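A.B. asks: Sending over entry_22.pdb (PDB, C-alpha atoms and all ligand atoms).
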ATOM      1  CA  MET A   1      -6.727 -20.553  -7.410  1.00  0.00           C
ATOM      2  CA  SER A   2      -5.449 -17.002  -7.313  1.00  0.00           C
ATOM      3  CA  GLU A   3      -3.162 -15.886  -4.520  1.00  0.00           C
ATOM      4  CA  ASN A   4      -5.790 -13.392  -3.387  1.00  0.00           C
ATOM      5  CA  SER A   5      -8.435 -15.964  -2.616  1.00  0.00           C
ATOM      6  CA  PHE A   6      -6.873 -16.604   0.776  1.00  0.00           C
ATOM      7  CA  TYR A   7      -8.141 -13.196   1.885  1.00  0.00           C
ATOM      8  CA  ARG A   8     -11.552 -13.423   0.328  1.00  0.00           C
ATOM      9  CA  ASP A   9     -13.307 -13.713   3.679  1.00  0.00           C
ATOM     10  CA  TYR A  10     -11.821 -10.519   5.044  1.00  0.00           C
ATOM     11  CA  ASP A  11     -14.575  -7.978   5.491  1.00  0.00           C
ATOM     12  CA  VAL A  12     -13.237  -4.757   3.972  1.00  0.00           C
ATOM     13  CA  PRO A  13     -14.529  -1.809   6.015  1.00  0.00           C
ATOM     14  CA  GLN A  14     -16.529   0.646   3.854  1.00  0.00           C
ATOM     15  CA  ASP A  15     -14.824   3.589   5.568  1.00  0.00           C
ATOM     16  CA  LEU A  16     -11.383   2.049   4.835  1.00  0.00           C
ATOM     17  CA  GLN A  17     -10.207   2.258   8.439  1.00  0.00           C
ATOM     18  CA  PHE A  18      -8.051  -0.849   8.731  1.00  0.00           C
ATOM     19  CA  ARG A  19      -6.848  -2.123  12.099  1.00  0.00           C
ATOM     20  CA  THR A  20      -3.069  -2.369  11.975  1.00  0.00           C
ATOM     21  CA  ALA A  21      -3.145  -5.432  14.249  1.00  0.00           C
ATOM     22  CA  ASP A  22      -5.401  -7.277  11.749  1.00  0.00           C
ATOM     23  CA  ILE A  23      -3.050  -6.544   8.868  1.00  0.00           C
ATOM     24  CA  ILE A  24      -0.008  -7.722  10.842  1.00  0.00           C
ATOM     25  CA  ARG A  25      -1.810 -10.858  12.067  1.00  0.00           C
ATOM     26  CA  MET A  26      -2.694 -11.789   8.478  1.00  0.00           C
ATOM     27  CA  GLY A  27       0.838 -11.006   7.278  1.00  0.00           C
ATOM     28  CA  GLY A  28      -0.500  -8.541   4.732  1.00  0.00           C
ATOM     29  CA  LEU A  29      -3.706  -8.176   2.796  1.00  0.00           C
ATOM     30  CA  GLU A  30      -4.925  -7.834  -0.738  1.00  0.00           C
ATOM     31  CA  CYS A  31      -8.475  -6.720  -1.248  1.00  0.00           C
ATOM     32  CA  THR A  32     -10.846  -4.818  -3.468  1.00  0.00           C
ATOM     33  CA  ALA A  33     -13.890  -2.785  -2.543  1.00  0.00           C
ATOM     34  CA  GLN A  34     -16.646  -0.823  -4.215  1.00  0.00           C
ATOM     35  CA  LEU A  35     -17.204   2.344  -2.175  1.00  0.00           C
ATOM     36  CA  SER A  36     -20.216   4.534  -1.732  1.00  0.00           C
ATOM     37  CA  PRO A  37     -19.781   7.901  -3.524  1.00  0.00           C
ATOM     38  CA  LYS A  38     -21.159   9.575  -0.376  1.00  0.00           C
ATOM     39  CA  TYR A  39     -17.629   9.467   1.095  1.00  0.00           C
ATOM     40  CA  PHE A  40     -16.390  11.594  -1.785  1.00  0.00           C
ATOM     41  CA  GLN A  41     -19.184  14.143  -2.210  1.00  0.00           C
ATOM     42  CA  ASP A  42     -17.089  17.039  -0.913  1.00  0.00           C
ATOM     43  CA  VAL A  43     -13.764  16.112  -2.540  1.00  0.00           C
ATOM     44  CA  PHE A  44     -14.482  18.121  -5.697  1.00  0.00           C
ATOM     45  CA  GLU A  45     -16.015  21.558  -5.816  1.00  0.00           C
ATOM     46  CA  ALA A  46     -19.656  21.538  -6.992  1.00  0.00           C
ATOM     47  CA  PRO A  47     -20.944  20.940  -9.596  1.00  0.00           C
ATOM     48  CA  ASN A  48     -17.971  18.639 -10.216  1.00  0.00           C
ATOM     49  CA  LYS A  49     -18.447  15.361  -8.415  1.00  0.00           C
ATOM     50  CA  ILE A  50     -17.242  11.815  -8.056  1.00  0.00           C
ATOM     51  CA  THR A  51     -19.986   9.326  -8.829  1.00  0.00           C
ATOM     52  CA  LYS A  52     -18.305   5.937  -8.622  1.00  0.00           C
ATOM     53  CA  VAL A  53     -15.235   4.685  -6.744  1.00  0.00           C
ATOM     54  CA  SER A  54     -13.610   1.317  -6.349  1.00  0.00           C
ATOM     55  CA  VAL A  55     -10.248   0.526  -4.793  1.00  0.00           C
ATOM     56  CA  LYS A  56      -7.772  -2.290  -5.014  1.00  0.00           C
ATOM     57  CA  LEU A  57      -5.403  -2.378  -2.038  1.00  0.00           C
ATOM     58  CA  SER A  58      -2.279  -4.315  -1.290  1.00  0.00           C
ATOM     59  CA  PHE A  59      -0.777  -4.195   2.216  1.00  0.00           C
ATOM     60  CA  SER A  60       2.759  -5.482   2.778  1.00  0.00           C
ATOM     61  CA  VAL A  61       4.096  -5.847   6.304  1.00  0.00           C
ATOM     62  CA  ALA A  62       7.732  -4.795   6.801  1.00  0.00           C
ATOM     63  CA  THR A  63       9.772  -4.631  10.007  1.00  0.00           C
ATOM     64  CA  ASN A  64       8.559  -1.273  11.287  1.00  0.00           C
ATOM     65  CA  GLU A  65       5.990  -0.223   8.769  1.00  0.00           C
ATOM     66  CA  ILE A  66       3.242  -1.287   6.485  1.00  0.00           C
ATOM     67  CA  LEU A  67       3.456  -0.452   2.828  1.00  0.00           C
ATOM     68  CA  VAL A  68       0.171   0.139   1.045  1.00  0.00           C
ATOM     69  CA  ARG A  69      -0.236   0.211  -2.686  1.00  0.00           C
ATOM     70  CA  GLY A  70      -3.591   1.374  -3.923  1.00  0.00           C
ATOM     71  CA  GLU A  71      -5.354   1.601  -7.243  1.00  0.00           C
ATOM     72  CA  ILE A  72      -8.417   3.803  -7.408  1.00  0.00           C
ATOM     73  CA  ALA A  73     -10.825   3.716 -10.332  1.00  0.00           C
ATOM     74  CA  GLY A  74     -14.211   5.231 -10.937  1.00  0.00           C
ATOM     75  CA  LYS A  75     -16.301   7.855 -12.654  1.00  0.00           C
ATOM     76  CA  ARG A  76     -16.567  11.588 -12.175  1.00  0.00           C
ATOM     77  CA  GLN A  77     -18.665  14.378 -13.607  1.00  0.00           C
ATOM     78  CA  VAL A  78     -16.811  17.530 -14.502  1.00  0.00           C
ATOM     79  CA  GLN A  79     -17.963  20.856 -15.837  1.00  0.00           C
ATOM     80  CA  CYS A  80     -16.437  22.515 -18.892  1.00  0.00           C
ATOM     81  CA  ALA A  81     -14.844  25.796 -17.811  1.00  0.00           C
ATOM     82  CA  ARG A  82     -16.116  27.544 -20.969  1.00  0.00           C
ATOM     83  CA  CYS A  83     -19.564  26.193 -21.906  1.00  0.00           C
ATOM     84  CA  LEU A  84     -20.456  24.786 -18.429  1.00  0.00           C
ATOM     85  CA  LYS A  85     -21.618  21.466 -19.885  1.00  0.00           C
ATOM     86  CA  MET A  86     -21.145  18.426 -17.637  1.00  0.00           C
ATOM     87  CA  THR A  87     -19.093  15.510 -18.952  1.00  0.00           C
ATOM     88  CA  GLU A  88     -18.740  12.084 -17.395  1.00  0.00           C
ATOM     89  CA  GLN A  89     -15.244  10.621 -17.371  1.00  0.00           C
ATOM     90  CA  ASP A  90     -13.553   7.480 -16.175  1.00  0.00           C
ATOM     91  CA  PHE A  91     -10.531   7.954 -13.967  1.00  0.00           C
ATOM     92  CA  ALA A  92      -7.763   5.756 -12.581  1.00  0.00           C
ATOM     93  CA  GLU A  93      -5.185   6.785  -9.988  1.00  0.00           C
ATOM     94  CA  GLU A  94      -2.551   5.052  -7.935  1.00  0.00           C
ATOM     95  CA  PHE A  95      -0.862   5.735  -4.637  1.00  0.00           C
ATOM     96  CA  LEU A  96       1.923   4.253  -2.579  1.00  0.00           C
ATOM     97  CA  GLU A  97       2.101   5.076   1.119  1.00  0.00           C
ATOM     98  CA  THR A  98       3.843   3.761   4.220  1.00  0.00           C
ATOM     99  CA  TYR A  99       2.291   3.641   7.689  1.00  0.00           C
ATOM    100  CA  SER A 100       3.880   2.984  11.043  1.00  0.00           C
ATOM    101  CA  ASN A 101       2.960  -0.437  12.368  1.00  0.00           C
ATOM    102  CA  LYS A 102       2.511   1.179  15.787  1.00  0.00           C
ATOM    103  CA  ALA A 103      -0.509   3.219  14.744  1.00  0.00           C
ATOM    104  CA  GLU A 104      -3.786   1.601  15.752  1.00  0.00           C
ATOM    105  CA  ILE A 105      -5.601   2.429  12.522  1.00  0.00           C
ATOM    106  CA  ILE A 106      -4.443   2.714   8.930  1.00  0.00           C
ATOM    107  CA  ASP A 107      -6.665   5.391   7.432  1.00  0.00           C
ATOM    108  CA  ILE A 108      -6.865   4.569   3.748  1.00  0.00           C
ATOM    109  CA  MET A 109      -9.957   6.743   3.277  1.00  0.00           C
ATOM    110  CA  LEU A 110      -7.895   9.874   3.939  1.00  0.00           C
ATOM    111  CA  GLN A 111      -5.316   8.756   1.387  1.00  0.00           C
ATOM    112  CA  VAL A 112      -7.944   7.989  -1.254  1.00  0.00           C
ATOM    113  CA  ARG A 113      -9.672  11.341  -0.717  1.00  0.00           C
ATOM    114  CA  GLN A 114      -6.358  13.222  -0.944  1.00  0.00           C
ATOM    115  CA  THR A 115      -5.340  11.367  -4.096  1.00  0.00           C
ATOM    116  CA  LEU A 116      -8.676  12.172  -5.730  1.00  0.00           C
ATOM    117  CA  ALA A 117      -8.648  15.815  -4.609  1.00  0.00           C
ATOM    118  CA  LEU A 118      -5.367  16.324  -6.477  1.00  0.00           C
ATOM    119  CA  THR A 119      -6.950  15.180  -9.734  1.00  0.00           C
ATOM    120  CA  GLU A 120      -9.611  17.871  -9.898  1.00  0.00           C
ATOM    121  CA  ASP A 121      -9.131  19.952 -13.031  1.00  0.00           C
ATOM    122  CA  ILE A 122     -10.848  23.309 -12.626  1.00  0.00           C
ATOM    123  CA  ARG A 123      -9.847  24.315 -16.147  1.00  0.00           C
ATOM    124  CA  PHE A 124     -11.369  21.234 -17.734  1.00  0.00           C
ATOM    125  CA  LEU A 125     -12.610  21.764 -21.308  1.00  0.00           C
ATOM    126  CA  CYS A 126     -15.206  19.499 -22.947  1.00  0.00           C
ATOM    127  CA  LYS A 127     -13.053  19.764 -26.090  1.00  0.00           C
ATOM    128  CA  PRO A 128      -9.850  21.724 -26.741  1.00  0.00           C
ATOM    129  CA  ASP A 129     -11.590  24.209 -29.036  1.00  0.00           C
ATOM    130  CA  CYS A 130     -14.790  24.664 -27.023  1.00  0.00           C
ATOM    131  CA  LYS A 131     -16.251  28.009 -28.061  1.00  0.00           C
ATOM    132  CA  GLY A 132     -17.939  28.661 -24.726  1.00  0.00           C
ATOM    133  CA  LEU A 133     -21.004  30.763 -24.036  1.00  0.00           C
ATOM    134  CA  CYS A 134     -21.847  34.149 -25.534  1.00  0.00           C
ATOM    135  CA  PRO A 135     -21.102  36.696 -22.780  1.00  0.00           C
ATOM    136  CA  GLN A 136     -24.179  38.672 -23.784  1.00  0.00           C
ATOM    137  CA  CYS A 137     -27.014  36.203 -24.376  1.00  0.00           C
ATOM    138  CA  GLY A 138     -25.554  33.041 -22.851  1.00  0.00           C
ATOM    139  CA  GLN A 139     -26.041  30.863 -25.906  1.00  0.00           C
ATOM    140  CA  ASP A 140     -23.710  27.891 -26.264  1.00  0.00           C
ATOM    141  CA  LEU A 141     -21.597  29.003 -29.238  1.00  0.00           C
ATOM    142  CA  ASN A 142     -20.737  25.368 -30.028  1.00  0.00           C
ATOM    143  CA  ASP A 143     -24.325  25.117 -31.289  1.00  0.00           C
ATOM    144  CA  GLY A 144     -23.751  27.999 -33.711  1.00  0.00           C
ATOM    145  CA  PRO A 145     -23.506  31.791 -33.680  1.00  0.00           C
ATOM    146  CA  CYS A 146     -26.159  33.662 -31.690  1.00  0.00           C
ATOM    147  CA  GLY A 147     -26.327  36.888 -33.686  1.00  0.00           C
ATOM    148  CA  CYS A 148     -25.133  39.211 -30.938  1.00  0.00           C
ATOM    149  CA  LYS A 149     -22.853  42.009 -32.088  1.00  0.00           C
ATOM    150  CA  PRO A 150     -19.289  41.337 -30.964  1.00  0.00           C
ATOM    151  CA  VAL A 151     -18.250  43.818 -28.295  1.00  0.00           C
ATOM    152  CA  ASN A 152     -14.746  45.149 -28.516  1.00  0.00           C
ATOM    153  CA  LEU A 153     -13.348  44.907 -25.034  1.00  0.00           C
ATOM    154  CA  SER A 154     -10.101  46.654 -24.304  1.00  0.00           C
ATOM    155  CA  PRO A 155      -7.664  44.503 -22.308  1.00  0.00           C
ATOM    156  CA  PHE A 156      -8.457  46.668 -19.280  1.00  0.00           C
ATOM    157  CA  ALA A 157     -12.211  46.348 -19.469  1.00  0.00           C
ATOM    158  CA  GLU A 158     -12.015  42.768 -18.298  1.00  0.00           C
ATOM    159  CA  LEU A 159      -9.749  43.611 -15.403  1.00  0.00           C
ATOM    160  CA  LYS A 160     -11.968  46.463 -14.274  1.00  0.00           C
ATOM    161  CA  GLY A 161     -14.747  44.133 -13.197  1.00  0.00           C
ATOM    162  CA  LYS A 162     -12.366  42.157 -10.990  1.00  0.00           C
ATOM    163  CA  PHE A 163     -11.328  45.059  -8.775  1.00  0.00           C
ATOM    164  CA  LYS A 164     -14.341  46.698  -7.162  1.00  0.00           C
TER
HETATM  165 ZN    ZN A 201     -17.256  23.246 -23.384  1.00  0.00          ZN
HETATM  166 ZN    ZN A 202     -25.201  36.132 -27.946  1.00  0.00          ZN
END
For this file, produce the structure as C-alpha cells.
C.D. replies:
Amino acid sequence: MSENSFYRDYDVPQDLQFRTADIIRMGGLECTAQLSPKYFQDVFEAPNKITKVSVKLSFSVATNEILVRGEIAGKRQVQCARCLKMTEQDFAEEFLETYSNKAEIIDIMLQVRQTLALTEDIRFLCKPDCKGLCPQCGQDLNDGPCGCKPVNLSPFAELKGKFK
C-alpha cells in the first residue's frame, strides 16, 4: 500500500481551486490529476499551444502556511521560428510555492499557468541548423534549394522595413 492511497478518494477539482480548510483538515494532500487543455489554450501565443497537461501535487501543512510542490508534465506544439513547421514536444516542469493558511482558496491553476507561460520559447528551432523559408518564394529550404537568385541585402535594407 503506497502512502498516497489514503487520499485516493479526494476529488481533485479540475480547476485546481483547493479549499484551504480541506487541506488543513486532511493534514496535507498528495494527488495527481489529468487536466483539460482548455484551461491552457491562451497560455502560449498561437499557433503554439499546450495539448496535454497532468499535475502531481503535494501539499504540506506548516504552522502558518501551506507548502505546495508541483510537477507538471504534458505535451505542447511549437512552431519553428525559421521554417514555421509545428513540432510536438513533451515537457516537464516543477514549482514550489507557499500559501497563507488564512486564504480561503489555494489557486494552483494560476501557478500552473504561470509556470507554463515561462516555458514558451518564441525562438524555438525545429533543428539547430534549420534553413528556414526562402524569403522570395516561400519554399522550405530544408527540402532543397528553390532556384531563386540570392538577393544581396545590405545590413540596412532589413532595418528599413521595420521603421515605417
Ligand atoms: Zn525549422
Ligand atoms: Zn525561392
A.B. asks: Report as a list in words the full result of the PyMOL selection byres (((not hetatm)) within 10 of (chain A and resi 202)) when it is applied to this structure.
C.D. replies: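 Taken on the displayed file, the PyMOL selection byres (((not hetatm)) within 10 of (chain A and resi 202)) yields the residues Leu133, Cys134, Pro135, Gln136, Cys137, Gly138, Gln139, Asp140, Leu141, Pro145, Cys146, Gly147, Cys148, Lys149 and Pro150 of chain A.
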A.B. asks: Mind telling me what the PyMOL selection byres (((not hetatm)) within 12 of (chain A and resi 201)) catches here, as a PyMOL selection string?
C.D. replies: chain A and resi 78-87+123-133+139-143
A.B. asks: Work out how far atom CA of Met109 of chain A is from atom CA of Phe18 of chain A, in Å to one decimal.
C.D. replies: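 Pair atom CA of Phe18 of chain A / atom CA of Met109 of chain A returns 9.5 Å.
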A.B. asks: Segment 70-146 of chain A near segment 46-66 of chain A within 7 Å: what's each residue's closest atom pair and its distance in Å to one decimal, counting only C-alpha atoms, ordered by chain then ascending residue number, as CSV?
C.D. replies:
residue,atom,partner,partner_atom,distance
A:Gly70,CA,A:Leu57,CA,4.6
A:Glu71,CA,A:Lys56,CA,5.1
A:Ile72,CA,A:Val55,CA,4.6
A:Ala73,CA,A:Ser54,CA,5.4
A:Gly74,CA,A:Val53,CA,4.4
A:Lys75,CA,A:Lys52,CA,4.9
A:Arg76,CA,A:Ile50,CA,4.2
A:Gln77,CA,A:Lys49,CA,5.3
A:Val78,CA,A:Asn48,CA,4.6
A:Gln79,CA,A:Asn48,CA,6.0
A:Thr98,CA,A:Ile66,CA,5.6
A:Tyr99,CA,A:Ile66,CA,5.2
A:Ser100,CA,A:Glu65,CA,4.5
A:Asn101,CA,A:Glu65,CA,4.7
A.B. asks: Just to be explicit: take each residue in the selection above, keep C-alpha atoms, and write the result as a PDB file, in the coordinates of the input.
C.D. replies:
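Listing of again.pdb after writing:
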ATOM      1  CA  GLY A  70      -3.591   1.374  -3.923  1.00  0.00           C
ATOM      2  CA  GLU A  71      -5.354   1.601  -7.243  1.00  0.00           C
ATOM      3  CA  ILE A  72      -8.417   3.803  -7.408  1.00  0.00           C
ATOM      4  CA  ALA A  73     -10.825   3.716 -10.332  1.00  0.00           C
ATOM      5  CA  GLY A  74     -14.211   5.231 -10.937  1.00  0.00           C
ATOM      6  CA  LYS A  75     -16.301   7.855 -12.654  1.00  0.00           C
ATOM      7  CA  ARG A  76     -16.567  11.588 -12.175  1.00  0.00           C
ATOM      8  CA  GLN A  77     -18.665  14.378 -13.607  1.00  0.00           C
ATOM      9  CA  VAL A  78     -16.811  17.530 -14.502  1.00  0.00           C
ATOM     10  CA  GLN A  79     -17.963  20.856 -15.837  1.00  0.00           C
ATOM     11  CA  THR A  98       3.843   3.761   4.220  1.00  0.00           C
ATOM     12  CA  TYR A  99       2.291   3.641   7.689  1.00  0.00           C
ATOM     13  CA  SER A 100       3.880   2.984  11.043  1.00  0.00           C
ATOM     14  CA  ASN A 101       2.960  -0.437  12.368  1.00  0.00           C
TER      15      ASN A 101
END
A.B. asks: Grab all the atoms of segment 98-103 of chain A that the file lists, wrap them in a box along x, y and z, add 5 Å per side, and give me centre plus edge lengths in Å (one decimal) as lines of an AutoDock Vina configuration file.
C.D. replies:
center_x = 1.7
center_y = 1.7
center_z = 10.0
size_x = 14.4
size_y = 14.2
size_z = 21.6
A.B. asks: Could you work out how far atom CA of Thr119 of chain A lies from atom CA of Ile106 of chain A, giving the answer in Å with one decimal?
C.D. replies: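 We find that atom CA of Ile106 of chain A and atom CA of Thr119 of chain A lie 22.6 Å from each other.
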A.B. asks: Can you tell me how far atom CA of Phe91 of chain A sits from atom CA of Leu67 of chain A, in Å to one decimal?
C.D. replies: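 These two atoms are separated by 23.4 Å.
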A.B. asks: With distances taken over all atoms listed in the file, which of A:Phe95, A:Leu118, A:Gln34, A:Val43 is nearest to Asp15 of chain A?
C.D. replies: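 Looking at the shortest contact to Asp15 of chain A, the residue is A:Gln34.
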A.B. asks: Measuring atom to atom with all atoms listed in the file, identify which of A:Glu104, A:Glu88, A:Glu94, A:Glu45 is nearest to Ile23 of chain A.
C.D. replies: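 Using all atoms listed in the file, the shortest distance to Ile23 of chain A belongs to A:Glu104.
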A.B. asks: Out of A:Ile24, A:Ala103, A:Ile108, A:Ala92, which residue has the shortest atom-to-atom distance to Arg69 of chain A when counting all atoms listed in the file?
C.D. replies: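 Of the candidates, the smallest distance to Arg69 of chain A is held by A:Ile108.
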A.B. asks: If the PyMOL selection byres (((chain A and resi 26) around 12) and not hetatm) were run on this exact file, what residues would it hold? Put them as a list in words.
C.D. replies: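 After applying the PyMOL selection byres (((chain A and resi 26) around 12) and not hetatm), what remains is Phe6, Tyr7, Asp9, Tyr10, Arg19, Thr20, Ala21, Asp22, Ile23, Ile24, Arg25, Gly27, Gly28, Leu29, Glu30, Phe59, Ser60 and Val61 of chain A.
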